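Input: a single structure, listed below in structure tokens.
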Number of protein chains: 2
Amino acid sequence: MIGKNKHISRIVDSFLQKGIKLTHQRKVIAQVITDASDHPDANEVFMRANKIDNRISLATVYRTIKLFEENKVLNRIELGGKKARYEELTDSHHDHLIDIDTGDIIEFVDDEIEELQKKVAKKLGYSLVDHKMELFGKKIKTN
Amino acid sequence: MIGKNKHISRIVDSFLQKGIKLTHQRKVIAQVITDASDHPDANEVFMRANKIDNRISLATVYRTIKLFEENKVLNRIELGGKKARYEELTDSHHDHLIDIDTGDIIEFVDDEIEELQKKVAKKLGYSLVDHKMELFGKKIKTN
DNA sequence: TTTCCTGCAAAGGGTTTGCACGTGT
DNA sequence: ACACGTGCAAACCCTTTGCAGGAAA
């Protein structure tokens with residue numbers, strides 16, 4: 001049985017509308033991603049999905065992740081290394097601050113920066129379609 | 001014979017100081033990177049270096065690129081795909097605007113954004129060590 | 001000469017894909 | 001029933017590495 005059905009319905013609805021088949025595997029993977037508060041990589045998604053239901057292969061995880069990306073329910077983040085990590089795509093855009101000591105990822109939104117980005121793009125003769133911003137920082141000691 | 005010796009001397013000097021051997025291969029690769037105004041990937045660097053001198057292998061290009069990165073003369077850029085691309089590291093930091101239609105990369109500097117980034121990091125309890133920002137845009141038609 | 005560097009080819013890690021079988025609608 | 005999705009294993013792409021020969025200091 002799949003939990004959190006209310007939350008998942010966003011993905012389900014969007015798929016039904018487009019006539020994409022809702023397989024068992026896709027539901028489980030959707031749940032895993034919806035439940036994840038960290039930013040798992042493909043293999044991590046695979047392991048979590050597999051724990052719920054062992055009929056799921058890594059290949060399917062990759063295919064499903066790609067499908068989710070194409071349907072804008074999943075966002076890929078590249079963190080310098082060679083593996084991609086993922087997060088559920090929500091309505092509000094946010095960026096990431098990465099703790100260089102621990103690898104923790106903190107999400108934040110800053111409208112001022114977003115405004116400036118649009119302005120910069122415009123100055124260069126472009127209209128901004130998307131952006132990616134990652135800050136890397138060290139925690140300030142508070143003792 | 002290696003051209004642009006004046007420009008290259010930055011890398012050469014830095015290597016001599018640290019006692020790193022200045023092999024023929026390294027000089028050629030340094031030249032290729034110094035001369036590149038685009039943002040070549042490892043294989044592209046290899047091909048250009050190889051055209052100048054065919055005694056250079058892809059493995060050496062990778063090893064040299066890593067060496068250059070460690071010595072802060074080269075900067076790695078990750079552009080969503082799986083291959084890394086590179087540019088010579090200069091004193092002034094800049095970010096990239098990518099034309100989503102042509103793949104062109106435009107470099108820009110915006111101090112205001114940099115300031116805001118520091119501020120945002122601080123607000124979250126971090127001191128900013130580095131950042132990565134890429135804007136994706138469509139050219140505004142001017143006809 | 002000594003130490004470090006190189007080329008080659010093989011291995012590595014993450015991701016994708018061809019194929020025959022299985023499943024949602 | 002039909003079209004599409006899946007598991008498996010092999011293939012792929014980019015990058016790294018072990019080794020024996022080669023070059024810089």
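In the structure tokens, the first chain shown is A, the next is B, and so on; residue numbers restart at 1 for each chain, and ligands run from 1 in the order shown.
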
Write down as a short mmCIF file (atom, residue, chain, number, x, y, z; two decimals) with N, CA and C atoms, in the first residue's frame the residues of chain B whose backbone DSSP state falls under strand (DSSP E or B).
data_model
loop_
_atom_site.label_atom_id
_atom_site.label_comp_id
_atom_site.auth_asym_id
_atom_site.auth_seq_id
_atom_site.Cartn_x
_atom_site.Cartn_y
_atom_site.Cartn_z
N ASP B 41 35.89 21.09 -23.38
CA ASP B 41 35.91 19.94 -22.47
C ASP B 41 37.25 19.23 -22.62
N LEU B 74 43.12 26.84 -13.44
CA LEU B 74 42.06 26.33 -14.30
C LEU B 74 40.80 26.16 -13.49
N ASN B 75 39.68 26.42 -14.12
CA ASN B 75 38.42 26.36 -13.43
C ASN B 75 37.50 25.38 -14.14
N ARG B 76 36.89 24.50 -13.38
CA ARG B 76 35.96 23.54 -13.95
C ARG B 76 34.55 24.11 -13.93
N ILE B 77 33.84 23.96 -15.03
CA ILE B 77 32.43 24.37 -15.09
C ILE B 77 31.60 23.15 -15.41
N GLU B 78 30.54 22.95 -14.69
CA GLU B 78 29.64 21.83 -14.99
C GLU B 78 28.37 22.41 -15.62
N ALA B 84 32.65 17.68 -17.93
CA ALA B 84 33.07 18.96 -17.36
C ALA B 84 33.71 19.78 -18.46
N ARG B 85 33.59 21.08 -18.34
CA ARG B 85 34.28 21.96 -19.28
C ARG B 85 35.17 22.89 -18.48
N TYR B 86 36.13 23.51 -19.16
CA TYR B 86 37.16 24.23 -18.43
C TYR B 86 37.43 25.61 -18.99
N GLU B 87 37.95 26.46 -18.12
CA GLU B 87 38.38 27.79 -18.56
C GLU B 87 39.56 28.19 -17.70
N GLU B 88 40.38 29.06 -18.27
CA GLU B 88 41.51 29.57 -17.51
C GLU B 88 40.97 30.39 -16.35
N ASP B 95 30.42 34.78 -13.81
CA ASP B 95 29.45 33.70 -13.95
C ASP B 95 29.09 33.53 -15.41
N HIS B 96 28.16 32.60 -15.67
CA HIS B 96 27.86 32.28 -17.06
C HIS B 96 26.38 32.38 -17.39
N LEU B 97 26.12 32.90 -18.56
CA LEU B 97 24.77 32.90 -19.12
C LEU B 97 24.82 32.00 -20.34
N ILE B 98 23.97 30.97 -20.33
CA ILE B 98 23.98 30.02 -21.44
C ILE B 98 22.78 30.25 -22.35
N ASP B 99 23.05 30.40 -23.62
CA ASP B 99 22.00 30.55 -24.62
C ASP B 99 21.38 29.18 -24.85
N ILE B 105 28.04 30.44 -24.55
CA ILE B 105 28.25 30.83 -23.17
C ILE B 105 28.76 32.26 -23.11
N ILE B 106 28.05 33.07 -22.35
CA ILE B 106 28.45 34.46 -22.19
C ILE B 106 28.90 34.67 -20.76
N GLU B 107 30.05 35.28 -20.58
CA GLU B 107 30.54 35.51 -19.23
C GLU B 107 30.10 36.88 -18.74
N PHE B 108 29.80 36.96 -17.47
CA PHE B 108 29.47 38.27 -16.92
C PHE B 108 29.87 38.36 -15.45
N TYR B 126 26.12 31.12 7.54
CA TYR B 126 27.30 30.62 6.84
C TYR B 126 28.15 31.77 6.30
N SER B 127 29.44 31.53 6.21
CA SER B 127 30.27 32.47 5.47
C SER B 127 30.51 31.88 4.09
N LEU B 128 30.32 32.71 3.09
CA LEU B 128 30.37 32.25 1.70
C LEU B 128 31.81 31.97 1.28
N VAL B 129 32.04 30.76 0.81
CA VAL B 129 33.38 30.37 0.38
C VAL B 129 33.47 30.42 -1.14
N ASP B 130 32.41 30.02 -1.78
CA ASP B 130 32.41 29.96 -3.24
C ASP B 130 30.97 29.94 -3.70
N HIS B 131 30.78 30.10 -4.99
CA HIS B 131 29.43 29.96 -5.51
C HIS B 131 29.49 29.59 -6.97
N LYS B 132 28.37 29.12 -7.44
CA LYS B 132 28.26 28.75 -8.84
C LYS B 132 26.92 29.27 -9.31
N MET B 133 26.90 30.01 -10.37
CA MET B 133 25.62 30.52 -10.86
C MET B 133 25.61 30.47 -12.37
N GLU B 134 24.56 29.88 -12.89
CA GLU B 134 24.38 29.84 -14.33
C GLU B 134 22.99 30.30 -14.68
N LEU B 135 22.92 31.23 -15.61
CA LEU B 135 21.62 31.69 -16.09
C LEU B 135 21.38 31.05 -17.44
N PHE B 136 20.15 30.70 -17.67
CA PHE B 136 19.79 30.13 -18.97
C PHE B 136 18.79 31.06 -19.63
N GLY B 137 19.10 31.50 -20.82
CA GLY B 137 18.20 32.48 -21.45
C GLY B 137 18.03 32.29 -22.94
N LYS B 138 17.04 33.00 -23.44
CA LYS B 138 16.76 33.03 -24.87
C LYS B 138 17.09 34.43 -25.37
N LYS B 139 17.72 34.51 -26.49
CA LYS B 139 18.09 35.81 -27.04
C LYS B 139 16.83 36.61 -27.36
#

Sorted by chain and rising residue number, list the residues of chain C at most 8 Å from chain B (counting only C-alpha atoms (C1' of nucleotides)), each with its closest atom pair and distance in Å to one decimal, as CSV.
residue,atom,partner,partner_atom,distance
C:DC4,C1',B:Lys21,CA,7.5
C:DC5,C1',B:Thr23,CA,7.8
C:DT6,C1',B:Thr60,CA,7.0
C:DG7,C1',B:Ser57,CA,6.5

Next item on the list: Give me, as a VMD selection string, the contact residues of chain D against chain B at a cut-off of 9 Å, counting only C-alpha atoms (C1' of nucleotides).
Entry: chain D and resid 13 to 16 23 to 25

Margin query: I'd like the neighbourhood of Val32 in chain B as JSON, numbers by chain, where a residue qualifies if any of its atoms comes within 9 Å (using only C-alpha atoms (C1' of nucleotides)), though same-chain residues fewer than 5 positions away should be ignored.
Written below: {"B": [27, 45, 48, 49, 52]}

Next item on the list: Return as a ChimeraX atom specification the full set of residues in chain B whose backbone-based DSSP assignment is helix (DSSP H, G or I).
Entry: /B:5-18,24-35,42-52,58-70,111-123

Notebook entry, point to check: Which polymer residues have any atom within 10 Å of an atom of DG22 in chain C, counting only C-alpha atoms (C1' of nucleotides), with same-chain residues fewer than 4 positions away left out, as a PyMOL selection string?
Noted result: chain D and resi 5-7

With N, CA and C atoms (P, O5', C5', C4', C3', O3' and C1' of nucleotides) retained, export the selected residues as a short mmCIF file (atom, residue, chain, number, x, y, z; two decimals), in the first residue's frame.
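Below you can see out34.cif, which holds the result:
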data_model
loop_
_atom_site.label_atom_id
_atom_site.label_comp_id
_atom_site.auth_asym_id
_atom_site.auth_seq_id
_atom_site.Cartn_x
_atom_site.Cartn_y
_atom_site.Cartn_z
P DG D 5 5.20 3.81 -21.22
"O5'" DG D 5 5.56 2.53 -20.35
"C5'" DG D 5 4.64 2.17 -19.32
"C4'" DG D 5 5.28 1.12 -18.46
"C3'" DG D 5 6.64 1.50 -17.91
"O3'" DG D 5 6.66 1.08 -16.54
"C1'" DG D 5 6.81 -0.50 -19.18
P DT D 6 7.92 1.11 -15.69
"O5'" DT D 6 8.47 -0.37 -15.88
"C5'" DT D 6 7.84 -1.43 -15.17
"C4'" DT D 6 8.65 -2.69 -15.31
"C3'" DT D 6 10.08 -2.55 -14.77
"O3'" DT D 6 10.19 -3.36 -13.61
"C1'" DT D 6 10.02 -3.57 -16.96
P DG D 7 11.49 -3.31 -12.74
"O5'" DG D 7 12.29 -4.57 -13.30
"C5'" DG D 7 11.75 -5.88 -13.19
"C4'" DG D 7 12.74 -6.88 -13.75
"C3'" DG D 7 14.15 -6.76 -13.16
"O3'" DG D 7 14.61 -8.08 -12.86
"C1'" DG D 7 14.20 -6.48 -15.54
#

Next item on the list: Determine the nearest neighbour of DA11 in chain D from the options C:DG18, C:DC8, C:DT2, C:DT23, counting only C-alpha atoms (C1' of nucleotides).
Entry: C:DG18

Notebook entry, point to check: Quick one: distance from C1' of DG12 in chain C to C1' of DT17 in chain D in Å, one decimal?
Noted result: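 Here the two named atoms are 8.9 Å from each other.
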
Notebook entry, point to check: How many Å lie between CA of Leu89 in chain A and CA of Lys118 in chain B, rounded to one decimal?
Noted result: 25.7 Å
